[in-house]
Amino acid sequence: MTEGTHSNIVCVFCGCLCDDLQLEVQNNIITTNENGCAISKAKFLNHADDRLEGPAIRVNGTSKEVTLKEAIAKAVDIIANSKRLLVYGLSSTENDAHREAYKIAEEAGGVVDNTSSVCHGPTILGTQESGEAVAALGEVRHRSDLVIYWGSNPQFAHPRHMTLHTRAAGEFIKNPKTERKIWVVDIRKTISAGVADKFIRIEPGTDLEVISALRAIVRGKELDVDNVGGLPVSDLKEIAEVMKGAKYGVLFFGLGLTQSKGRHRNIDAAIRLIQDLNHYTKWSMMPMRGHYNVAGANKTSTWQTGYPFAVDYARGYPRYQPGEFTAVDMLMRGEADVLLNIAADPAAHFPRKALQHMGNISIINLDPKQNMTSLIAEVNVPTAIAGIECDGAAVRMDGLPLYLKQVVDPPENVLPDRDILRMIYDGLRRAKK
Amino acid sequence: MSKDTILTNGRVYDPMHGIEGEVMDIYMSDGKIVEKVSESAKKIDLKGRLVMAGGVDMHSHIVGSKVGFGRAMCPEDHRKDPVPKTKYTRSGVGYTIPSSYVTGYRYSAMGYTTVIEPALPALKALGSWEEMEDLPNLNSGLLPMFCNSMITFDYIKEGDPSGLAAYIAWTLQSVGGLGVKVVNPGGTYAWAHGVDLRDHEGEIPGWGITPKEVTRGLCQAVESLKLPHMMHFHPNNLGRVGNVETTIAQLDSIRDIKGHGGRDHICHLTHMSFETLSSVEGGGNDWGDLESGGLKFAEYFNKNKHFTADMGQITFGPATTMTGDGPFEFYLYQLTGGKWTNIAVDVELPGGAGIVPYTYSPKAAGNSVQWAIPLEFALNVDDVWRCIISTDHPNAGPFTKYPLVFSWLMSKKQRDTWMEGMHKFAHERSTLPSIEHEWSLYDVVISTRAAPAKILGMEKLKGHLGVGADADVSVYDVDTTKVDFAKNPEKIIKTFSESYLTFLGGKQVSKKGKVKGVPNEGVWSVHPELNESLWERINKELEQKMNEWYSHSFHNYPVPARYRAHLEKKVMIDSTSVSA
């Protein structure tokens, strides 16, 4: 690709999709990443490290390098002979790869799930109960005078979120230091809590109670207890009053809310709280999406299948059932007999029981890098890194689609996920004939 | 390339050429209607079946941000309507918000070939282009919104019509839009300030300008750019009792604007059923005071020729309301207390959107009157060429209910049957029960083919069967000489629910409801070419404004050619006369 400076590059790490990176490329290597956070720098500058070798097929426990054609043929053979294919991952690759993955799941009558089933899946269930007043990052910067991060540690996981969106001046908030308050609600004092204007500590597992209490207070109800979740009711009343008194409030929430006790009930309650507040003033909310394109995976899945994750094609049409067609559940029940894993590392993140089953089944793994899953996969196909070595599109945490540019060439003979998946799909179609 | 085909012995309805039920042959070659074809052409004997151009739906929400959000938040909408894959089609789901593939297939099965998405947040256009890759069997187009944008406000406040026109031209070029959509101008923006602005002469907070000025400014910009499709207008104060007055006032406020090239119409008012609610004499704005404004609006429509309108016909049963009018959806949510989604992106979008699932019931007073409004209107207009059938899919009902709408328009008997169990307000608060008029088949063909194509500015290629038109053709299994539709409304529904044959660009894509999936046939856009100095100025100004106001870079705003080039059918417009 072009040597030299590349401007306005989209970062492909977290759901912020910061699009102001300036990269220097020399000899097909990225040498500097200006504007990126520490994580972004690590991802871009080390893109050539720890690459997955292959294509490779594991025979009797030993990985053996093969041609791409052989690897694809093997993958096709495994999938064609599977009874219950599970396609999983997708949130760290671009949208076109997703579209190909759904075709494979449909053709094989399998299940396709993305990583939101282990992160913001409960958020989606919450919106299916109640809808959601969704915020937008531009509007947050221009208008918000009260920002709450709940169960989310942006300074650690989304390092530029505060700098770019909630600590920055906007059209109607000229001086963010004095005109905007940032609160953090968490069970421990995180580094984000350390830089917030107010830290509200609640007891672990009490989010639902605290949110429900706030809802009751906002609606003018009297509580007949002294404290909720470790907070005196007088504090809660004060919090509710300030929330009602804000001109434009925004609630950002993370896995501390979605994956703690109560899960989608927490989110449902939070959504209803924000909806209630809209009867008094303006409030919106936004999930702090982790993987850079997990929001894209929900979107592409939704337009093709009608459902954002956990989709089964066994009957020839898409069915949706979180808890049944979600990857962890499929594996824990021992139901999947083949796993096609794309741009994720379930072996590193899934519960032990799911892992045990992964050890018993064939795994086809597509990833640019070595990871825990590649160590146990039967077929490994290295792929190009979207947004660095190939182009594509991704979706920011607030739903904004952005175009990812290619800035360097992928390693020799390494193709984008979408191309590999298309080859597998074509192979499957041929195998059926 | 498609094979040459001759459709023989079809009974043709082609209002653009004044053809009403003549038995003729239609020749198709290379995707076009032609004068004659080679000897080897495939011959299909239609044996007197009904033939017309493919349907053109000029207002149906089928792709994009809010459609996706609506689908994702309503799994219950899809569950009872699964669509299995076949040898020639992908799988998916219905119902009111079908998945992308199913949307295309269902339109094909009904004989529709062109469908326009009428509310694109320009900022999110890339996502819509990606999705249209998976929207098969249709020609389509996108109408970006310009009505709640600070950039629009800025040019209007500064009294800079050239700047405003150039901003529109730049955006249409950069994201591939077909025209200009205006939704609750200034109102959605005001709502982000917590202000409920519904008066078109009220002040947009912080700008010292009014929705009326925004509407006029955008309407004039469309004419100065010479865009084929006029301003596509969803006015302020939607869905409120008594708003027929405010809608008429808003239409009056643009009546003096001259259409380019002497054209008569400068505005298309969309989903009029939501904008022409009247109230009983001496009544106020309570739902209890609701009365149909359909007749009153038809009288205004017949006297004032500067605009066209589509119906937004309520079809009863489940629907999913979704609009760039966020505050209206909040209002509806307060009425329903059910699910409510708001998508805020006011500065950048420019717009914002809301979604509320809604079930229209014939037993409900308000719903039954709203059902009567567009029918009362359509049955009283003196020019069907300005009156378009729509359900504002999926707002007033899914597009699959069009045949039911045809039956209400074409059959008094059908209206009477439906009104039997309906809330008494439909009888007492509208003149519908006394209307004897029935639309002819010719009227329906005008309203679903020729007229929308003309209003969209696509009349050279769409909406007719003349030589040179795209070979988009639908054939229905009926001999119109042997059936009295008005007396047999069930026959109307049966006939139009499923085409006998649908051709898209000369390719047969559906036969008796069995669809063959083909890739998206093209996304239509306009490309208004500005003079060099204005182009230079607007790029400079937009770079500065967008980098200040937006949360991403000006340089990452345009939709790259890689997502467009293979789909886009670009119509070049000479807008160089707009002064710098």
# chains A, B, ... in the order shown; residues from 1 in each chain; ligands from 1
>>> interface_residues(of="chain A", to="chain B", cutoff="6 Å", atoms="only C-alpha atoms", output="number ranges by chain")
A: 127-128, 130-136, 138, 302-308, 316-317, 400-401
>>> residues_around(residues="Arg188 in chain A", least_positions_apart="2", cutoff="8 Å", atoms="only C-alpha atoms", output="PyMOL selection string")
chain A and resi 186+190+201
>>> residues_around(residues="Tyr313 in chain A", least_positions_apart="6", cutoff="8 Å", atoms="only C-alpha atoms", output="PyMOL selection string")
chain A and resi 105-106+108-111+319
>>> write_last_selection(atoms="N, CA and C atoms", output="compact mmCIF listing (two decimals), in the first residue's frame")
# COMPACT_ATOMS: atom_id res chain seq x y z
N ALA A 105 -24.00 -20.41 7.86
CA ALA A 105 -24.89 -20.97 8.89
C ALA A 105 -26.22 -21.39 8.26
N GLU A 106 -26.72 -20.55 7.36
CA GLU A 106 -28.00 -20.86 6.71
C GLU A 106 -27.87 -22.12 5.85
N ALA A 108 -25.77 -24.55 6.10
CA ALA A 108 -25.52 -25.78 6.88
C ALA A 108 -26.63 -26.05 7.89
N GLY A 109 -27.60 -25.15 7.98
CA GLY A 109 -28.66 -25.33 8.98
C GLY A 109 -28.13 -25.24 10.40
N GLY A 110 -27.13 -24.40 10.59
CA GLY A 110 -26.50 -24.27 11.91
C GLY A 110 -26.97 -23.05 12.68
N VAL A 111 -26.20 -22.76 13.72
CA VAL A 111 -26.50 -21.63 14.58
C VAL A 111 -25.42 -20.57 14.38
N ARG A 319 -34.45 -18.62 13.58
CA ARG A 319 -35.17 -18.58 14.86
C ARG A 319 -34.24 -17.95 15.88
>>> select_by_dssp(residues="range 323-561 of chain B", states="strand (DSSP E)", output="tab-separated table (two decimals) with C-alpha atoms, in the first residue's frame")
chain	number	residue	atom	x	y	z
B	323	THR	CA	-40.07	8.25	11.98
B	340	TRP	CA	-40.34	3.28	23.06
B	341	THR	CA	-37.05	3.90	21.31
B	342	ASN	CA	-35.51	7.23	20.54
B	343	ILE	CA	-32.39	7.53	18.40
B	353	ALA	CA	-35.77	9.15	15.13
B	354	GLY	CA	-38.27	7.33	17.27
B	355	ILE	CA	-39.90	3.89	17.20
B	356	VAL	CA	-43.08	2.66	18.90
B	357	PRO	CA	-44.82	-0.62	18.03
B	358	TYR	CA	-48.52	0.03	17.62
B	359	THR	CA	-51.64	-1.97	16.88
B	360	TYR	CA	-54.44	-0.14	15.09
B	387	CYS	CA	-52.62	11.19	-4.93
B	388	ILE	CA	-50.47	8.17	-4.11
B	473	VAL	CA	-43.58	-5.36	-15.66
B	474	SER	CA	-46.23	-6.98	-13.54
B	475	VAL	CA	-48.91	-9.34	-14.79
B	476	TYR	CA	-51.96	-10.25	-12.71
B	501	LEU	CA	-45.58	-12.74	-13.29
B	502	THR	CA	-43.17	-10.01	-12.23
B	503	PHE	CA	-40.32	-8.85	-14.44
B	504	LEU	CA	-37.51	-6.70	-13.15
B	507	LYS	CA	-35.78	-10.79	-15.84
B	508	GLN	CA	-38.62	-12.90	-14.53
B	509	VAL	CA	-38.37	-12.61	-10.75
B	510	SER	CA	-41.69	-13.99	-9.57
B	511	LYS	CA	-44.35	-16.36	-10.81
B	514	LYS	CA	-42.77	-18.09	-6.25
B	515	VAL	CA	-39.88	-15.67	-6.16
B	522	GLY	CA	-29.88	-0.53	-8.75
B	523	VAL	CA	-29.99	2.31	-6.29
B	524	TRP	CA	-31.03	5.57	-7.86
B	525	SER	CA	-29.32	8.79	-6.86
B	526	VAL	CA	-28.95	12.32	-8.14
B	527	HIS	CA	-25.66	14.06	-8.62
B	528	PRO	CA	-26.19	17.84	-8.68
B	529	GLU	CA	-23.10	19.32	-10.30
>>> closest_residue(among="A:Ile191, A:Glu65, A:Val218, A:Asp49", to="Ala157 in chain A", atoms="only C-alpha atoms")
A:Ile191
>>> residues_around(residues="Asn35 in chain A", least_positions_apart="5", cutoff="12 Å", atoms="only C-alpha atoms", output="JSON, numbers by chain")
{"A": [7, 8, 9, 10, 11, 18, 19, 20, 21, 22, 23, 24, 40, 41, 44, 159, 160, 163, 164]}
>>> residues_around(residues="Lys43 in chain A", least_positions_apart="5", cutoff="12 Å", atoms="only C-alpha atoms", output="ChimeraX atom specification")
/A:11-14,30-33,36-38,48-50,368-369,385-388
>>> write_last_selection(atoms="C-alpha atoms", output="tab-separated table (two decimals), in the first residue's frame")
chain	number	residue	atom	x	y	z
A	11	CYS	CA	-9.09	2.68	15.14
A	12	VAL	CA	-10.16	-0.95	15.18
A	13	PHE	CA	-9.95	-1.76	18.83
A	14	CYS	CA	-12.92	-0.69	20.95
A	30	ILE	CA	3.20	0.96	10.64
A	31	THR	CA	5.87	2.93	12.46
A	32	THR	CA	3.86	5.54	14.33
A	33	ASN	CA	0.28	5.96	15.47
A	36	GLY	CA	-4.35	6.66	19.26
A	37	CYS	CA	-4.58	5.58	22.91
A	38	ALA	CA	-2.09	3.12	24.38
A	48	ALA	CA	2.67	-7.99	12.42
A	49	ASP	CA	3.46	-9.80	15.69
A	50	ASP	CA	2.12	-13.12	16.99
A	368	PRO	CA	-5.04	-12.98	12.12
A	369	LYS	CA	-3.29	-13.86	15.39
A	385	ILE	CA	-6.65	-7.63	9.99
A	386	ALA	CA	-9.66	-5.56	8.96
A	387	GLY	CA	-8.98	-1.85	9.13
A	388	ILE	CA	-5.23	-2.39	8.83
>>> closest_residue(among="A:Arg58, A:His279, A:Arg265, A:Lys69", to="Met423 in chain A", atoms="only C-alpha atoms")
A:Lys69
>>> select_by_dssp(residues="range 17-171 of chain B", states="alpha helix (DSSP H)", output="PyMOL selection string")
chain B and resi 65-73+75-79+100-110+125-133+150-157+161-171
